[in-house]
Amino acid sequence: MSELKVQSPIEDFDWESYESGSTVGAKSREELMNTYDESLKTAKENEVVTGTVKSINKREVRVDIGMKSDAIIPVSEFRYNPDLKEGDEVEVYIETLEDKNGQLRLSHKKACQTRSWDRVNEALQNDEVIKGYVKSRTKGGMIVDVFGIEAFLPGSQIDVRPIRDYDVFVGKTMEFKVVKINQEYKNVVVSHKALIEAELEQQKKEIISKLEKGQVLEGKVKNITAYGVFVDLGGVDGLVHITDLSWGRISDPHEVVELDQDIKVVIIDFDNEKKRIALGIKQLMPHPWDNLDPNLKVGDHIKGRVVVMADYGAFVEVQPGVEGLIHVSEMSWSQHLRSAQDFLKAGDEIEAVILTLDREERKMSLGLKQLKNDPWENIEEKYAIGSRHTAKVRNFTHFGVFVEIEEGVDGLIHISDLSWTKKIKHPSEFTQIGNDIEVQVLEIDKDNRRLSLGHKQLEENPWDVFEGIFTVGSVHKGKIIEVLDKGAVVSLDHGVEGFATPKHLVKEDGSQAKLGDELDFKVIEFNKDNKRIILSHSRIAEDATKAERRAANAGRRAEKRQQEAPAAAPAIEKTTLGDLGALQALKEQMQKEAKK
């Protein structure tokens, strides 16, 4: 019988745990708890971690990420992975470590989106070429699936050539570059054009390096715009500006070329740095000026069509590619500044006179007014001095009225020649623009093409009559119609106005006459040459007072003489006229008797 080996007891053995059925000591449990807590701390909310599929059914997938409990994820989030099975590792997004029910919530879909967003940002930073699936067409472009994210492909970024049919790209897998990301709104913009531009750039360098001004090339019309035509020269584009399509004026490039048309062009200019090529079509054709009738000369009449209107004139096409300018000053003999649109409009078929012709500079000026005789050639005969005419008021100045008797014949009525009697401060008080007015020719200035006209001269000068009516010292009724600082304007009979200074407007009671008063006025000055009548109301009372004083003084002097005569002086019998007459009769009778 073998000897039994006595084992010494474990000093720190946990008998209580043993009796309760637990095989882990208190210290070991604490270590396990710490280890478990540490494992929880390594997992954070809103981050992507790797988990293991524990089970799968038709509705749910149970995933273990090493937490105290597994998480349930809807199976619909794994629809892009139909071969998923137990034990597979998948990426999941931690939405929350513990919801209100104490459950861990994970999302495989958000994990894919987060990874996709990181992938898209990485592609933008690294200028990486990625693949995407064109899902559908939308306004202005296409929707592309990139890493599970819907990105926008603008129509202008599909190809270097304009796209006419977007639908042909739907359902295709293509290569793209990420060109823009809006981090706030999670928007992604991709480009397919950027991929082929790099290839074309090298081709452009090679093509442009071989270009020369004046070189004639063949190309295909790639795009037509309002300002010109883009032509594909085989990997590089050039622009034919609308002005270089034809020697004649055109309003739309479609009048000359069609889309996809094969055409010949000449290189006008190019820029190596900006890769811009200016092309021309009209330069391949003879210049129309070279075909202009060699017999045409200044003074000839020529027909044409108005093609362009401007305020300063009209451009007239006399044959395709050959134009002449009719300046507005050559449209009418009138001196009034007007717009060319008052005479012509685009599309008018007209006849004009050639004023200048420069074949070297390819310039021509035309005139319309030269088709009519210059009204100033026989001005002295048609509008002789003293002749009377009807004119139209065209404009005012502070010194007179500009009128037009006929087109090209203007005249000025000085403000002093409008009326014999009225004091006119501005011509607008007398007439209005557009009104007809009767005039008389006073002077002719043929060099400056101007007539001096008068209106008042149509009537006799009433001041010749007024001279006998408004004599100095005469008294007339008058009404104050205007009060000024220097006096008042007084309306008199016969439409005449006079003027009275303030000291001549004092009434008998000492008050000052005011606007609207009707009073007697004495003429104290009359000037026919200057058409001036100076009046006084106060002078009437002053003169009456002076007359009374003179009468009183005369009476006092007579009385004084009588008092000074001698008292004893014999009375002198005065002989009356009657007595003298009787004596004369008696004398005549005596003389008759003596003769007998």
# chains A, B, ... in the order shown; residues from 1 in each chain; ligands from 1
>>> residues_around(residues="Val168 (chain A)", least_positions_apart="4", cutoff="12 Å", atoms="only C-alpha atoms", output="number ranges by chain")
A: 134-137, 142, 158, 163-164, 172-173
>>> residues_around(residues="region 412-417 of chain A", least_positions_apart="5", cutoff="9 Å", atoms="only C-alpha atoms", output="short mmCIF file (atom, residue, chain, number, x, y, z; two decimals) with N, CA, C and O atoms, in the first residue's frame")
data_model
loop_
_atom_site.label_atom_id
_atom_site.label_comp_id
_atom_site.auth_asym_id
_atom_site.auth_seq_id
_atom_site.Cartn_x
_atom_site.Cartn_y
_atom_site.Cartn_z
N HIS A 398 -33.68 131.04 -74.02
CA HIS A 398 -34.11 132.19 -73.22
C HIS A 398 -34.15 133.47 -74.05
O HIS A 398 -34.78 134.45 -73.66
N PHE A 399 -33.47 133.45 -75.23
CA PHE A 399 -33.42 134.67 -76.02
C PHE A 399 -34.32 134.61 -77.26
O PHE A 399 -34.40 135.57 -78.01
N GLY A 400 -34.99 133.47 -77.51
CA GLY A 400 -35.86 133.45 -78.67
C GLY A 400 -36.42 132.08 -79.00
O GLY A 400 -36.34 131.15 -78.21
N VAL A 401 -37.01 132.00 -80.22
CA VAL A 401 -37.70 130.79 -80.68
C VAL A 401 -37.06 130.32 -81.98
O VAL A 401 -36.92 131.10 -82.93
N PHE A 402 -36.65 129.03 -82.03
CA PHE A 402 -36.15 128.45 -83.26
C PHE A 402 -37.31 127.80 -84.00
O PHE A 402 -38.07 127.01 -83.41
N VAL A 403 -37.46 128.14 -85.28
CA VAL A 403 -38.56 127.62 -86.06
C VAL A 403 -38.01 127.02 -87.35
O VAL A 403 -36.88 127.29 -87.77
N GLU A 404 -38.82 126.17 -88.00
CA GLU A 404 -38.46 125.56 -89.27
C GLU A 404 -39.54 125.91 -90.28
O GLU A 404 -40.71 125.57 -90.09
N LYS A 423 -44.49 142.38 -72.51
CA LYS A 423 -43.16 142.14 -71.93
C LYS A 423 -43.01 140.63 -71.74
O LYS A 423 -43.56 140.05 -70.80
N ILE A 424 -42.28 139.95 -72.62
CA ILE A 424 -42.16 138.49 -72.59
C ILE A 424 -40.83 138.10 -71.95
O ILE A 424 -39.77 138.48 -72.43
N LYS A 425 -40.93 137.33 -70.86
CA LYS A 425 -39.71 136.90 -70.15
C LYS A 425 -39.12 135.65 -70.79
O LYS A 425 -37.91 135.46 -70.81
N HIS A 426 -40.00 134.73 -71.27
CA HIS A 426 -39.55 133.50 -71.91
C HIS A 426 -40.50 133.17 -73.05
O HIS A 426 -41.72 133.38 -72.94
N PRO A 427 -39.98 132.67 -74.17
CA PRO A 427 -40.84 132.40 -75.34
C PRO A 427 -42.00 131.47 -75.05
O PRO A 427 -43.02 131.51 -75.75
N VAL A 439 -44.45 134.30 -89.62
CA VAL A 439 -43.19 135.02 -89.49
C VAL A 439 -42.94 135.89 -90.72
O VAL A 439 -43.52 135.66 -91.79
N ARG A 450 -28.95 130.35 -91.78
CA ARG A 450 -29.87 130.79 -90.71
C ARG A 450 -30.61 132.04 -91.16
O ARG A 450 -30.04 132.94 -91.78
N LEU A 451 -31.91 132.09 -90.85
CA LEU A 451 -32.74 133.25 -91.12
C LEU A 451 -33.07 133.97 -89.83
O LEU A 451 -33.31 133.31 -88.80
N SER A 452 -33.06 135.31 -89.87
CA SER A 452 -33.57 136.10 -88.75
C SER A 452 -35.01 136.45 -89.08
O SER A 452 -35.29 137.05 -90.14
N LEU A 453 -35.91 136.08 -88.20
CA LEU A 453 -37.34 136.22 -88.46
C LEU A 453 -37.99 137.10 -87.40
O LEU A 453 -37.45 137.30 -86.31
N GLY A 454 -39.15 137.62 -87.73
CA GLY A 454 -39.93 138.41 -86.79
C GLY A 454 -41.39 138.03 -86.85
O GLY A 454 -41.89 137.60 -87.91
N HIS A 455 -42.07 138.18 -85.74
CA HIS A 455 -43.52 137.93 -85.71
C HIS A 455 -44.30 139.24 -85.56
O HIS A 455 -45.32 139.44 -86.22
N LYS A 456 -43.78 140.12 -84.73
CA LYS A 456 -44.51 141.37 -84.49
C LYS A 456 -44.52 142.24 -85.74
O LYS A 456 -45.41 143.09 -85.90
N GLN A 457 -43.57 142.03 -86.64
CA GLN A 457 -43.48 142.85 -87.83
C GLN A 457 -44.65 142.62 -88.79
O GLN A 457 -44.82 143.36 -89.76
#
>>> closest_residue(among="A:Phe169, A:Tyr383, A:Phe270, A:Tyr185", to="Ser209 (chain A)", atoms="only C-alpha atoms")
A:Phe270
>>> select_by_dssp(residues="region 175-368 of chain A", states="helix (DSSP H, G or I)", output="ChimeraX atom specification")
/A:193-209,242-244,253-255,282-284,288-291,328-330,340-342
>>> select_by_dssp(residues="region 356-529 of chain A", states="strand (DSSP E)", output="MDAnalysis selection string")
chainID A and resid 356:358 363:367 388:397 400:406 409:414 436:445 450:454 475:484 487:491 497:500 518:527
>>> write_last_selection(atoms="C-alpha atoms", output="PDB file, in the first residue's frame")
ATOM      1  CA  THR A 356     -16.966 109.109-100.656  1.00  0.00           C
ATOM      2  CA  LEU A 357     -15.453 105.907-102.054  1.00  0.00           C
ATOM      3  CA  ASP A 358     -12.134 104.448-100.825  1.00  0.00           C
ATOM      4  CA  LYS A 363     -15.039 102.273 -97.125  1.00  0.00           C
ATOM      5  CA  MET A 364     -17.993 104.054 -98.662  1.00  0.00           C
ATOM      6  CA  SER A 365     -20.216 106.865 -97.367  1.00  0.00           C
ATOM      7  CA  LEU A 366     -23.650 107.534 -98.786  1.00  0.00           C
ATOM      8  CA  GLY A 367     -26.222 110.312 -98.628  1.00  0.00           C
ATOM      9  CA  ARG A 388     -44.144 136.271 -94.953  1.00  0.00           C
ATOM     10  CA  HIS A 389     -44.378 132.528 -94.207  1.00  0.00           C
ATOM     11  CA  THR A 390     -45.817 129.950 -91.830  1.00  0.00           C
ATOM     12  CA  ALA A 391     -43.218 128.149 -89.684  1.00  0.00           C
ATOM     13  CA  LYS A 392     -43.272 125.406 -87.045  1.00  0.00           C
ATOM     14  CA  VAL A 393     -41.870 126.010 -83.554  1.00  0.00           C
ATOM     15  CA  ARG A 394     -39.001 123.547 -82.969  1.00  0.00           C
ATOM     16  CA  ASN A 395     -37.192 124.734 -79.843  1.00  0.00           C
ATOM     17  CA  PHE A 396     -36.896 127.494 -77.246  1.00  0.00           C
ATOM     18  CA  THR A 397     -33.984 129.375 -75.747  1.00  0.00           C
ATOM     19  CA  GLY A 400     -35.858 133.448 -78.672  1.00  0.00           C
ATOM     20  CA  VAL A 401     -37.705 130.793 -80.681  1.00  0.00           C
ATOM     21  CA  PHE A 402     -36.149 128.451 -83.257  1.00  0.00           C
ATOM     22  CA  VAL A 403     -38.561 127.617 -86.064  1.00  0.00           C
ATOM     23  CA  GLU A 404     -38.461 125.557 -89.266  1.00  0.00           C
ATOM     24  CA  ILE A 405     -40.104 126.978 -92.391  1.00  0.00           C
ATOM     25  CA  GLU A 406     -39.398 123.812 -94.389  1.00  0.00           C
ATOM     26  CA  VAL A 409     -34.614 125.957 -93.598  1.00  0.00           C
ATOM     27  CA  ASP A 410     -34.464 127.179 -89.998  1.00  0.00           C
ATOM     28  CA  GLY A 411     -34.804 130.583 -88.469  1.00  0.00           C
ATOM     29  CA  LEU A 412     -34.694 132.431 -85.158  1.00  0.00           C
ATOM     30  CA  ILE A 413     -37.344 134.790 -83.833  1.00  0.00           C
ATOM     31  CA  HIS A 414     -35.662 136.931 -81.190  1.00  0.00           C
ATOM     32  CA  ASP A 436     -47.434 126.986 -86.234  1.00  0.00           C
ATOM     33  CA  ILE A 437     -46.448 130.660 -86.162  1.00  0.00           C
ATOM     34  CA  GLU A 438     -46.561 133.377 -88.818  1.00  0.00           C
ATOM     35  CA  VAL A 439     -43.186 135.023 -89.492  1.00  0.00           C
ATOM     36  CA  GLN A 440     -41.581 137.671 -91.645  1.00  0.00           C
ATOM     37  CA  VAL A 441     -38.018 137.340 -92.977  1.00  0.00           C
ATOM     38  CA  LEU A 442     -35.832 140.094 -91.511  1.00  0.00           C
ATOM     39  CA  GLU A 443     -32.301 138.957 -92.468  1.00  0.00           C
ATOM     40  CA  ILE A 444     -30.642 136.095 -94.436  1.00  0.00           C
ATOM     41  CA  ASP A 445     -27.348 134.497 -93.331  1.00  0.00           C
ATOM     42  CA  ARG A 450     -29.866 130.789 -90.713  1.00  0.00           C
ATOM     43  CA  LEU A 451     -32.737 133.253 -91.120  1.00  0.00           C
ATOM     44  CA  SER A 452     -33.574 136.098 -88.745  1.00  0.00           C
ATOM     45  CA  LEU A 453     -37.340 136.223 -88.456  1.00  0.00           C
ATOM     46  CA  GLY A 454     -39.928 138.407 -86.789  1.00  0.00           C
ATOM     47  CA  VAL A 475     -53.881 160.572 -66.971  1.00  0.00           C
ATOM     48  CA  HIS A 476     -55.169 157.034 -67.663  1.00  0.00           C
ATOM     49  CA  LYS A 477     -56.900 154.232 -65.817  1.00  0.00           C
ATOM     50  CA  GLY A 478     -54.596 151.317 -65.013  1.00  0.00           C
ATOM     51  CA  LYS A 479     -54.528 148.016 -63.106  1.00  0.00           C
ATOM     52  CA  ILE A 480     -51.533 146.663 -61.186  1.00  0.00           C
ATOM     53  CA  ILE A 481     -50.886 143.165 -62.635  1.00  0.00           C
ATOM     54  CA  GLU A 482     -47.447 142.395 -61.160  1.00  0.00           C
ATOM     55  CA  VAL A 483     -45.518 143.666 -58.149  1.00  0.00           C
ATOM     56  CA  LEU A 484     -41.702 143.557 -58.177  1.00  0.00           C
ATOM     57  CA  GLY A 487     -41.943 148.657 -58.638  1.00  0.00           C
ATOM     58  CA  ALA A 488     -45.131 147.441 -60.294  1.00  0.00           C
ATOM     59  CA  VAL A 489     -46.282 146.575 -63.821  1.00  0.00           C
ATOM     60  CA  VAL A 490     -49.477 148.430 -64.754  1.00  0.00           C
ATOM     61  CA  SER A 491     -51.873 147.311 -67.505  1.00  0.00           C
ATOM     62  CA  GLU A 497     -48.095 148.050 -70.049  1.00  0.00           C
ATOM     63  CA  GLY A 498     -46.419 150.742 -68.006  1.00  0.00           C
ATOM     64  CA  PHE A 499     -44.180 150.748 -64.971  1.00  0.00           C
ATOM     65  CA  ALA A 500     -44.335 152.638 -61.686  1.00  0.00           C
ATOM     66  CA  GLU A 518     -57.258 149.858 -60.280  1.00  0.00           C
ATOM     67  CA  LEU A 519     -56.100 153.495 -60.054  1.00  0.00           C
ATOM     68  CA  ASP A 520     -55.494 156.622 -62.096  1.00  0.00           C
ATOM     69  CA  PHE A 521     -51.935 156.994 -63.329  1.00  0.00           C
ATOM     70  CA  LYS A 522     -50.179 159.976 -64.844  1.00  0.00           C
ATOM     71  CA  VAL A 523     -47.650 159.466 -67.656  1.00  0.00           C
ATOM     72  CA  ILE A 524     -44.368 160.987 -66.504  1.00  0.00           C
ATOM     73  CA  GLU A 525     -42.188 159.499 -69.278  1.00  0.00           C
ATOM     74  CA  PHE A 526     -42.885 158.057 -72.784  1.00  0.00           C
ATOM     75  CA  ASN A 527     -40.064 156.427 -74.831  1.00  0.00           C
TER      76      ASN A 527
END
>>> closest_residue(among="A:Val120, A:Ser339, A:Ala226, A:Asp159", to="Lys180 (chain A)", atoms="only C-alpha atoms")
A:Val120
>>> residues_around(residues="Tyr133 (chain A)", least_positions_apart="4", cutoff="9 Å", atoms="only C-alpha atoms", output="PyMOL selection string")
chain A and resi 143-146+170-175
>>> residues_around(residues="Lys213 (chain A)", least_positions_apart="3", cutoff="6 Å", atoms="only C-alpha atoms", output="list in words")
Ile267, Ile268 and Asp269 of chain A
>>> atom_distance(atom1="CA of Ser69 (chain A)", atom2="CA of Cys112 (chain A)")
22.4 Å
>>> closest_residue(among="A:Arg449, A:Leu97, A:Asn81, A:Met309", to="Lys44 (chain A)", atoms="only C-alpha atoms")
A:Leu97
>>> residues_around(residues="Val307 (chain A)", least_positions_apart="2", cutoff="12 Å", atoms="only C-alpha atoms", output="PyMOL selection string")
chain A and resi 248-251+304-305+309-310+313-326+344-350
>>> atom_distance(atom1="CA of Ile379 (chain A)", atom2="CA of Ser332 (chain A)")
16.9 Å
